[in-house]
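Below is protein-v1.cif, which holds mmCIF, N, CA and C atoms.
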data_structure
#
loop_
_atom_site.group_PDB
_atom_site.id
_atom_site.type_symbol
_atom_site.label_atom_id
_atom_site.label_comp_id
_atom_site.auth_asym_id
_atom_site.auth_seq_id
_atom_site.Cartn_x
_atom_site.Cartn_y
_atom_site.Cartn_z
ATOM 1 N N MET H 27 -5.025 22.611 -8.699
ATOM 2 C CA MET H 27 -4.547 22.187 -7.400
ATOM 3 C C MET H 27 -5.107 23.117 -6.326
ATOM 4 N N ALA H 28 -5.351 22.563 -5.159
ATOM 5 C CA ALA H 28 -5.823 23.342 -4.018
ATOM 6 C C ALA H 28 -4.658 24.132 -3.426
ATOM 7 N N THR H 29 -4.985 25.195 -2.719
ATOM 8 C CA THR H 29 -3.979 26.010 -2.045
ATOM 9 C C THR H 29 -4.039 25.731 -0.557
ATOM 10 N N LEU H 30 -2.898 25.377 0.024
ATOM 11 C CA LEU H 30 -2.776 25.134 1.456
ATOM 12 C C LEU H 30 -2.125 26.350 2.091
ATOM 13 N N ILE H 31 -2.769 26.894 3.132
ATOM 14 C CA ILE H 31 -2.286 28.098 3.811
ATOM 15 C C ILE H 31 -1.745 27.724 5.188
ATOM 16 N N PHE H 32 -0.538 28.189 5.493
ATOM 17 C CA PHE H 32 0.059 28.028 6.819
ATOM 18 C C PHE H 32 0.026 29.375 7.519
ATOM 19 N N THR H 33 -0.439 29.407 8.749
ATOM 20 C CA THR H 33 -0.504 30.666 9.482
ATOM 21 C C THR H 33 0.280 30.574 10.782
ATOM 22 N N GLY H 34 0.567 31.741 11.332
ATOM 23 C CA GLY H 34 1.178 31.829 12.659
ATOM 24 C C GLY H 34 2.473 31.067 12.789
ATOM 25 N N SER H 35 2.576 30.343 13.889
ATOM 26 C CA SER H 35 3.818 29.655 14.231
ATOM 27 C C SER H 35 4.141 28.482 13.308
ATOM 28 N N LEU H 36 3.197 28.053 12.501
ATOM 29 C CA LEU H 36 3.467 26.926 11.602
ATOM 30 C C LEU H 36 4.540 27.255 10.581
ATOM 31 N N THR H 37 4.676 28.516 10.234
ATOM 32 C CA THR H 37 5.667 28.876 9.212
ATOM 33 C C THR H 37 7.100 28.615 9.680
ATOM 34 N N GLN H 38 7.315 28.469 10.983
ATOM 35 C CA GLN H 38 8.668 28.127 11.442
ATOM 36 C C GLN H 38 9.056 26.705 11.021
ATOM 37 N N PHE H 39 8.061 25.880 10.700
ATOM 38 C CA PHE H 39 8.314 24.510 10.270
ATOM 39 C C PHE H 39 8.277 24.362 8.751
ATOM 40 N N THR H 40 7.966 25.459 8.055
ATOM 41 C CA THR H 40 7.889 25.436 6.586
ATOM 42 C C THR H 40 8.918 26.374 5.969
ATOM 43 N N ASP H 41 9.933 26.720 6.742
ATOM 44 C CA ASP H 41 10.978 27.656 6.289
ATOM 45 C C ASP H 41 10.391 28.976 5.829
ATOM 46 N N GLY H 42 9.359 29.429 6.543
ATOM 47 C CA GLY H 42 8.751 30.718 6.253
ATOM 48 C C GLY H 42 7.709 30.696 5.148
ATOM 49 N N GLN H 43 7.519 29.563 4.520
ATOM 50 C CA GLN H 43 6.532 29.456 3.441
ATOM 51 C C GLN H 43 5.132 29.562 4.027
ATOM 52 N N THR H 44 4.304 30.449 3.472
ATOM 53 C CA THR H 44 2.964 30.670 3.999
ATOM 54 C C THR H 44 1.883 29.929 3.228
ATOM 55 N N GLU H 45 2.212 29.443 2.036
ATOM 56 C CA GLU H 45 1.243 28.665 1.276
ATOM 57 C C GLU H 45 1.946 27.804 0.243
ATOM 58 N N CYS H 46 1.219 26.780 -0.217
ATOM 59 C CA CYS H 46 1.732 25.923 -1.282
ATOM 60 C C CYS H 46 0.547 25.262 -1.986
ATOM 61 N N GLU H 47 0.801 24.744 -3.145
ATOM 62 C CA GLU H 47 -0.214 24.015 -3.902
ATOM 63 C C GLU H 47 -0.155 22.550 -3.481
ATOM 64 N N VAL H 48 -1.331 21.911 -3.367
ATOM 65 C CA VAL H 48 -1.388 20.495 -3.000
ATOM 66 C C VAL H 48 -2.280 19.739 -3.973
ATOM 67 N N HIS H 49 -1.973 18.467 -4.149
ATOM 68 C CA HIS H 49 -2.718 17.591 -5.060
ATOM 69 C C HIS H 49 -3.796 16.796 -4.330
ATOM 70 N N ALA H 50 -3.779 16.794 -3.003
ATOM 71 C CA ALA H 50 -4.658 15.943 -2.201
ATOM 72 C C ALA H 50 -6.132 16.157 -2.540
ATOM 73 N N LYS H 51 -6.878 15.065 -2.499
ATOM 74 C CA LYS H 51 -8.322 15.106 -2.779
ATOM 75 C C LYS H 51 -9.170 14.918 -1.519
ATOM 76 N N ASN H 52 -8.497 14.625 -0.366
ATOM 77 C CA ASN H 52 -9.200 14.523 0.907
ATOM 78 C C ASN H 52 -8.198 14.794 2.034
ATOM 79 N N ILE H 53 -8.694 14.894 3.250
ATOM 80 C CA ILE H 53 -7.834 15.258 4.378
ATOM 81 C C ILE H 53 -6.766 14.210 4.637
ATOM 82 N N LYS H 54 -7.118 12.940 4.544
ATOM 83 C CA LYS H 54 -6.134 11.886 4.790
ATOM 84 C C LYS H 54 -4.939 12.027 3.848
ATOM 85 N N SER H 55 -5.204 12.194 2.567
ATOM 86 C CA SER H 55 -4.087 12.334 1.629
ATOM 87 C C SER H 55 -3.379 13.674 1.805
ATOM 88 N N LEU H 56 -4.093 14.703 2.249
ATOM 89 C CA LEU H 56 -3.469 16.003 2.516
ATOM 90 C C LEU H 56 -2.423 15.890 3.619
ATOM 91 N N LEU H 57 -2.771 15.212 4.707
ATOM 92 C CA LEU H 57 -1.819 15.076 5.810
ATOM 93 C C LEU H 57 -0.569 14.336 5.373
ATOM 94 N N GLY H 58 -0.721 13.312 4.548
ATOM 95 C CA GLY H 58 0.438 12.609 4.017
ATOM 96 C C GLY H 58 1.290 13.501 3.133
ATOM 97 N N GLU H 59 0.638 14.297 2.310
ATOM 98 C CA GLU H 59 1.371 15.202 1.420
ATOM 99 C C GLU H 59 2.115 16.274 2.214
ATOM 100 N N ILE H 60 1.478 16.803 3.250
ATOM 101 C CA ILE H 60 2.137 17.806 4.097
ATOM 102 C C ILE H 60 3.381 17.204 4.741
ATOM 103 N N GLN H 61 3.250 15.998 5.263
ATOM 104 C CA GLN H 61 4.388 15.359 5.930
ATOM 105 C C GLN H 61 5.529 15.084 4.956
ATOM 106 N N GLU H 62 5.195 14.802 3.724
ATOM 107 C CA GLU H 62 6.219 14.566 2.702
ATOM 108 C C GLU H 62 6.919 15.869 2.317
ATOM 109 N N LYS H 63 6.139 16.937 2.124
ATOM 110 C CA LYS H 63 6.705 18.221 1.695
ATOM 111 C C LYS H 63 7.415 18.960 2.825
ATOM 112 N N PHE H 64 6.891 18.803 4.044
ATOM 113 C CA PHE H 64 7.416 19.539 5.195
ATOM 114 C C PHE H 64 7.658 18.568 6.348
ATOM 115 N N PRO H 65 8.733 17.786 6.290
ATOM 116 C CA PRO H 65 8.983 16.760 7.300
ATOM 117 C C PRO H 65 9.060 17.299 8.727
ATOM 118 N N ARG H 66 9.432 18.548 8.883
ATOM 119 C CA ARG H 66 9.507 19.118 10.234
ATOM 120 C C ARG H 66 8.123 19.261 10.864
ATOM 121 N N LEU H 67 7.073 19.283 10.065
ATOM 122 C CA LEU H 67 5.706 19.341 10.590
ATOM 123 C C LEU H 67 5.196 17.965 11.012
ATOM 124 N N SER H 68 5.826 16.921 10.550
ATOM 125 C CA SER H 68 5.336 15.562 10.772
ATOM 126 C C SER H 68 5.086 15.236 12.244
ATOM 127 N N PRO H 69 6.039 15.489 13.153
ATOM 128 C CA PRO H 69 5.768 15.164 14.562
ATOM 129 C C PRO H 69 4.581 15.941 15.136
ATOM 130 N N LEU H 70 4.406 17.171 14.703
ATOM 131 C CA LEU H 70 3.278 17.970 15.193
ATOM 132 C C LEU H 70 1.955 17.415 14.687
ATOM 133 N N ILE H 71 1.913 17.059 13.437
ATOM 134 C CA ILE H 71 0.685 16.523 12.852
ATOM 135 C C ILE H 71 0.291 15.216 13.540
ATOM 136 N N GLU H 72 1.280 14.388 13.836
ATOM 137 C CA GLU H 72 0.998 13.091 14.449
ATOM 138 C C GLU H 72 0.555 13.213 15.906
ATOM 139 N N SER H 73 0.990 14.257 16.605
ATOM 140 C CA SER H 73 0.698 14.323 18.032
ATOM 141 C C SER H 73 -0.282 15.411 18.445
ATOM 142 N N GLU H 74 -0.453 16.446 17.667
ATOM 143 C CA GLU H 74 -1.189 17.624 18.104
ATOM 144 C C GLU H 74 -2.679 17.615 17.787
ATOM 145 N N GLY H 75 -3.114 16.889 16.798
ATOM 146 C CA GLY H 75 -4.528 16.890 16.467
ATOM 147 C C GLY H 75 -5.002 18.182 15.825
ATOM 148 N N PHE H 76 -4.440 18.513 14.692
ATOM 149 C CA PHE H 76 -4.806 19.720 13.959
ATOM 150 C C PHE H 76 -6.224 19.636 13.418
ATOM 151 N N ALA H 77 -6.841 20.781 13.267
ATOM 152 C CA ALA H 77 -8.091 20.877 12.522
ATOM 153 C C ALA H 77 -7.727 21.389 11.134
ATOM 154 N N ILE H 78 -8.596 21.110 10.185
ATOM 155 C CA ILE H 78 -8.395 21.542 8.806
ATOM 156 C C ILE H 78 -9.628 22.330 8.399
ATOM 157 N N ALA H 79 -9.420 23.513 7.811
ATOM 158 C CA ALA H 79 -10.534 24.282 7.255
ATOM 159 C C ALA H 79 -10.449 24.193 5.740
ATOM 160 N N ILE H 80 -11.547 23.744 5.134
ATOM 161 C CA ILE H 80 -11.631 23.649 3.683
ATOM 162 C C ILE H 80 -12.714 24.615 3.238
ATOM 163 N N ASP H 81 -12.303 25.612 2.496
ATOM 164 C CA ASP H 81 -13.236 26.627 1.998
ATOM 165 C C ASP H 81 -14.099 27.207 3.121
ATOM 166 N N GLY H 82 -13.462 27.459 4.269
ATOM 167 C CA GLY H 82 -14.128 28.115 5.389
ATOM 168 C C GLY H 82 -14.861 27.195 6.343
ATOM 169 N N GLU H 83 -14.926 25.903 6.061
ATOM 170 C CA GLU H 83 -15.596 24.954 6.952
ATOM 171 C C GLU H 83 -14.536 24.129 7.682
ATOM 172 N N ILE H 84 -14.626 24.096 9.022
ATOM 173 C CA ILE H 84 -13.621 23.406 9.828
ATOM 174 C C ILE H 84 -13.986 21.934 9.982
ATOM 175 N N PHE H 85 -12.970 21.082 9.742
ATOM 176 C CA PHE H 85 -13.112 19.640 9.886
ATOM 177 C C PHE H 85 -12.085 19.155 10.891
ATOM 178 N N GLN H 86 -12.480 18.188 11.706
ATOM 179 C CA GLN H 86 -11.525 17.566 12.619
ATOM 180 C C GLN H 86 -11.856 16.083 12.666
ATOM 181 N N ASP H 87 -10.871 15.257 12.415
ATOM 182 C CA ASP H 87 -11.031 13.805 12.424
ATOM 183 C C ASP H 87 -12.014 13.295 11.372
ATOM 184 N N ILE H 88 -12.131 14.001 10.270
ATOM 185 C CA ILE H 88 -12.955 13.530 9.156
ATOM 186 C C ILE H 88 -11.993 13.278 7.995
ATOM 187 N N TRP H 89 -11.452 12.076 7.937
ATOM 188 C CA TRP H 89 -10.360 11.755 7.029
ATOM 189 C C TRP H 89 -10.680 11.930 5.555
ATOM 190 N N PHE H 90 -11.926 11.734 5.184
ATOM 191 C CA PHE H 90 -12.224 11.721 3.759
ATOM 192 C C PHE H 90 -13.067 12.905 3.305
ATOM 193 N N ALA H 91 -13.029 14.017 4.074
ATOM 194 C CA ALA H 91 -13.686 15.247 3.632
ATOM 195 C C ALA H 91 -13.032 15.662 2.311
ATOM 196 N N PRO H 92 -13.824 15.957 1.299
ATOM 197 C CA PRO H 92 -13.251 16.222 -0.030
ATOM 198 C C PRO H 92 -12.569 17.587 -0.137
ATOM 199 N N ILE H 93 -11.516 17.595 -0.937
ATOM 200 C CA ILE H 93 -10.793 18.819 -1.276
ATOM 201 C C ILE H 93 -10.822 18.930 -2.800
ATOM 202 N N SER H 94 -11.343 20.037 -3.313
ATOM 203 C CA SER H 94 -11.393 20.217 -4.770
ATOM 204 C C SER H 94 -10.160 20.971 -5.250
ATOM 205 N N ASP H 95 -9.967 20.989 -6.548
ATOM 206 C CA ASP H 95 -8.815 21.693 -7.125
ATOM 207 C C ASP H 95 -8.858 23.192 -6.847
ATOM 208 N N SER H 96 -10.030 23.737 -6.605
ATOM 209 C CA SER H 96 -10.142 25.179 -6.359
ATOM 210 C C SER H 96 -10.237 25.523 -4.872
ATOM 211 N N SER H 97 -10.081 24.530 -3.992
ATOM 212 C CA SER H 97 -10.236 24.757 -2.552
ATOM 213 C C SER H 97 -9.088 25.568 -1.967
ATOM 214 N N GLU H 98 -9.434 26.314 -0.917
ATOM 215 C CA GLU H 98 -8.439 26.968 -0.070
ATOM 216 C C GLU H 98 -8.485 26.227 1.259
ATOM 217 N N VAL H 99 -7.338 25.669 1.645
ATOM 218 C CA VAL H 99 -7.253 24.806 2.816
ATOM 219 C C VAL H 99 -6.331 25.463 3.842
ATOM 220 N N HIS H 100 -6.787 25.495 5.102
ATOM 221 C CA HIS H 100 -5.980 26.051 6.188
ATOM 222 C C HIS H 100 -5.701 24.959 7.208
ATOM 223 N N LEU H 101 -4.438 24.835 7.598
ATOM 224 C CA LEU H 101 -4.045 23.934 8.680
ATOM 225 C C LEU H 101 -4.119 24.742 9.964
ATOM 226 N N ILE H 102 -4.946 24.287 10.932
ATOM 227 C CA ILE H 102 -5.199 25.043 12.149
ATOM 228 C C ILE H 102 -4.638 24.298 13.350
ATOM 229 N N PRO H 103 -3.585 24.836 13.970
ATOM 230 C CA PRO H 103 -3.014 24.147 15.130
ATOM 231 C C PRO H 103 -3.969 24.231 16.316
ATOM 232 N N PRO H 104 -3.829 23.292 17.265
ATOM 233 C CA PRO H 104 -4.687 23.336 18.443
ATOM 234 C C PRO H 104 -4.435 24.602 19.246
ATOM 235 N N ILE H 105 -5.477 25.092 19.884
ATOM 236 C CA ILE H 105 -5.371 26.294 20.699
ATOM 237 C C ILE H 105 -5.362 25.875 22.159
ATOM 238 N N GLY H 106 -4.290 26.231 22.848
ATOM 239 C CA GLY H 106 -4.182 25.884 24.265
ATOM 240 C C GLY H 106 -4.983 26.835 25.120
ATOM 241 N N GLY H 107 -5.289 26.387 26.282
ATOM 242 C CA GLY H 107 -6.055 27.227 27.195
ATOM 243 C C GLY H 107 -6.353 26.451 28.446
ATOM 244 N N GLY H 108 -6.973 27.118 29.336
ATOM 245 C CA GLY H 108 -7.246 26.382 30.553
ATOM 246 C C GLY H 108 -8.230 27.077 31.343
#
Now, as a test, write the supplied structure out as structure tokens.
Amino acid sequence: MATLIFTGSLTQFTDGQTECEVHAKNIKSLLGEIQEKFPRLSPLIESEGFAIAIDGEIFQDIWFAPISDSSEVHLIPPIGGG
């Protein structure tokens, strides 16, 4: 199973959990799995437009980017600025 890492303020929505194992094989299924495991993240995922880093490569809006069983996946919240 791949390892999903939560950083920064995201842990407030995961009850302090900083990582978990996921079965997802692509980003689309990963987002569904995250919403199932951590329902408090669901509204953020649907509205914020997170980026996903898989093994150090950042993906955004690429639903079927592959995730292997040995992947390290990071959920990256949007960065505000102006």
>> For a test of reading the model, state the distance in Å between atom C of Phe90 (chain H) and atom C of Asn52 (chain H), rounded to one decimal.
In response: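 Taking atom C of Phe90 (chain H) and atom C of Asn52 (chain H), their separation equals 5.4 Å.
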> Using the chain letters and numbers from the file, which residues does the PyMOL selection byres ((chain H and resi 80) around 7) grab, as a PyMOL selection string?
Replying inline: chain H and resi 78-79+81-85+93+97-100
>> For the PyMOL selection byres (((chain H and resi 28 and name CA) around 6) and name CA), applied here, can you spell out every residue it catches as a PyMOL selection string?
In response: chain H and resi 27+29+47-48+95-98
> So what does the PyMOL selection byres ((chain H and resi 39-41) around 6.5) actually pick up in this one, as an MDAnalysis selection string?
Replying inline: chainID H and resid 35:38 42:43 64 66:67
> Interatomic distance between CA of Ala77 (chain H) and atom C of Ile105 (chain H)?
Replying inline: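 Atom C of Ile105 (chain H) lies at a distance of 11.2 Å from CA of Ala77 (chain H).
Taking the backbone of this structure through DSSP, the residues of chain H that come out as strand (DSSP E or B) are Ala28, Thr29, Leu30, Ile31, Glu45, Cys46, Glu47, Val48, Asn52, Ala77, Ile78, Ala79, Ile80, Glu83, Ile84, Phe85, Pro92, Glu98, Val99, His100, Leu101 and Ile102 of chain H.
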> Nearest to Leu57 (chain H) among H:Ser94, H:Ile71, H:Ile102, H:Asp87, with distances taken over all atoms listed in the file: which residue is it?
Replying inline: H:Ile71
> Quick one: distance from CA of Pro92 (chain H) to CA of Gly34 (chain H) in Å, one decimal?
Replying inline: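 A separation of 24.8 Å between them.
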Just the residues within 8 Å of Glu59 (chain H), please, counting all atoms listed in the file, with nothing from its chain fewer than 6 positions along; format it as a PDB file with N, CA and C atoms, in the frame of the given file.
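Below you can see out-v1.pdb, which holds the result:
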ATOM      1  N   VAL H  48      -1.331  21.911  -3.367  1.00  0.00           N
ATOM      2  CA  VAL H  48      -1.388  20.495  -3.000  1.00  0.00           C
ATOM      3  C   VAL H  48      -2.280  19.739  -3.973  1.00  0.00           C
ATOM      4  N   HIS H  49      -1.973  18.467  -4.149  1.00  0.00           N
ATOM      5  CA  HIS H  49      -2.718  17.591  -5.060  1.00  0.00           C
ATOM      6  C   HIS H  49      -3.796  16.796  -4.330  1.00  0.00           C
ATOM      7  N   ALA H  50      -3.779  16.794  -3.003  1.00  0.00           N
ATOM      8  CA  ALA H  50      -4.658  15.943  -2.201  1.00  0.00           C
ATOM      9  C   ALA H  50      -6.132  16.157  -2.540  1.00  0.00           C
ATOM     10  N   ILE H  53      -8.694  14.894   3.250  1.00  0.00           N
ATOM     11  CA  ILE H  53      -7.834  15.258   4.378  1.00  0.00           C
ATOM     12  C   ILE H  53      -6.766  14.210   4.637  1.00  0.00           C
ATOM     13  N   PRO H  65       8.733  17.786   6.290  1.00  0.00           N
ATOM     14  CA  PRO H  65       8.983  16.760   7.300  1.00  0.00           C
ATOM     15  C   PRO H  65       9.060  17.299   8.727  1.00  0.00           C
TER      16      PRO H  65
END
>> Using all atoms listed in the file for the distances, tell me which of H:Phe76, H:Glu62, H:Pro69, H:Lys54 is nearest to Leu101 (chain H).
In response: H:Phe76
Could I see region 32-43 of chain H restored to all heavy atoms, set down as a CSV table (one decimal), keeping the file's coordinate frame?
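File out-v2.csv, as written:
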chain,number,residue,atom,x,y,z
H,32,PHE,N,-0.5,28.2,5.5
H,32,PHE,CA,0.1,28.0,6.8
H,32,PHE,C,0.0,29.4,7.5
H,32,PHE,O,0.4,30.4,6.9
H,32,PHE,CB,1.5,27.6,6.7
H,32,PHE,CG,1.7,26.2,6.1
H,32,PHE,CD1,2.1,26.2,4.8
H,32,PHE,CD2,1.4,25.1,6.7
H,32,PHE,CE1,2.3,24.9,4.1
H,32,PHE,CE2,1.6,23.8,6.1
H,32,PHE,CZ,2.0,23.8,4.8
H,33,THR,N,-0.4,29.4,8.7
H,33,THR,CA,-0.5,30.7,9.5
H,33,THR,C,0.3,30.6,10.8
H,33,THR,O,0.6,29.5,11.3
H,33,THR,CB,-2.0,31.0,9.8
H,33,THR,OG1,-2.6,30.0,10.6
H,33,THR,CG2,-2.8,31.3,8.6
H,34,GLY,N,0.6,31.7,11.3
H,34,GLY,CA,1.2,31.8,12.7
H,34,GLY,C,2.5,31.1,12.8
H,34,GLY,O,3.3,31.1,11.9
H,35,SER,N,2.6,30.3,13.9
H,35,SER,CA,3.8,29.7,14.2
H,35,SER,C,4.1,28.5,13.3
H,35,SER,O,5.3,28.0,13.3
H,35,SER,CB,3.7,29.2,15.7
H,35,SER,OG,2.7,28.2,15.8
H,36,LEU,N,3.2,28.1,12.5
H,36,LEU,CA,3.5,26.9,11.6
H,36,LEU,C,4.5,27.3,10.6
H,36,LEU,O,5.2,26.4,10.1
H,36,LEU,CB,2.2,26.5,10.9
H,36,LEU,CG,1.1,25.9,11.8
H,36,LEU,CD1,-0.1,25.5,10.9
H,36,LEU,CD2,1.6,24.7,12.5
H,37,THR,N,4.7,28.5,10.2
H,37,THR,CA,5.7,28.9,9.2
H,37,THR,C,7.1,28.6,9.7
H,37,THR,O,8.0,28.5,8.8
H,37,THR,CB,5.5,30.3,8.8
H,37,THR,OG1,5.7,31.2,9.9
H,37,THR,CG2,4.2,30.6,8.1
H,38,GLN,N,7.3,28.5,11.0
H,38,GLN,CA,8.7,28.1,11.4
H,38,GLN,C,9.1,26.7,11.0
H,38,GLN,O,10.2,26.4,11.0
H,38,GLN,CB,8.8,28.3,13.0
H,38,GLN,CG,8.0,27.3,13.8
H,38,GLN,CD,8.1,27.5,15.2
H,38,GLN,OE1,9.2,27.8,15.8
H,38,GLN,NE2,7.0,27.4,15.9
H,39,PHE,N,8.1,25.9,10.7
H,39,PHE,CA,8.3,24.5,10.3
H,39,PHE,C,8.3,24.4,8.8
H,39,PHE,O,8.5,23.3,8.2
H,39,PHE,CB,7.3,23.6,10.9
H,39,PHE,CG,7.3,23.6,12.4
H,39,PHE,CD1,6.3,24.3,13.1
H,39,PHE,CD2,8.3,23.0,13.1
H,39,PHE,CE1,6.3,24.3,14.5
H,39,PHE,CE2,8.3,23.0,14.5
H,39,PHE,CZ,7.4,23.7,15.2
H,40,THR,N,8.0,25.5,8.1
H,40,THR,CA,7.9,25.4,6.6
H,40,THR,C,8.9,26.4,6.0
H,40,THR,O,8.8,26.8,4.8
H,40,THR,CB,6.5,25.8,6.1
H,40,THR,OG1,6.2,27.2,6.5
H,40,THR,CG2,5.4,24.9,6.7
H,41,ASP,N,9.9,26.7,6.7
H,41,ASP,CA,11.0,27.7,6.3
H,41,ASP,C,10.4,29.0,5.8
H,41,ASP,O,10.8,29.6,4.8
H,41,ASP,CB,11.8,27.0,5.2
H,41,ASP,CG,12.6,25.8,5.7
H,41,ASP,OD1,13.1,25.8,6.9
H,41,ASP,OD2,12.8,24.9,4.9
H,42,GLY,N,9.4,29.4,6.5
H,42,GLY,CA,8.8,30.7,6.3
H,42,GLY,C,7.7,30.7,5.1
H,42,GLY,O,7.1,31.7,4.9
H,43,GLN,N,7.5,29.6,4.5
H,43,GLN,CA,6.5,29.5,3.4
H,43,GLN,C,5.1,29.6,4.0
H,43,GLN,O,4.8,28.9,5.0
H,43,GLN,CB,6.7,28.1,2.7
H,43,GLN,CG,6.0,28.0,1.4
H,43,GLN,CD,6.4,26.8,0.6
H,43,GLN,OE1,7.4,26.2,0.9
H,43,GLN,NE2,5.5,26.4,-0.3
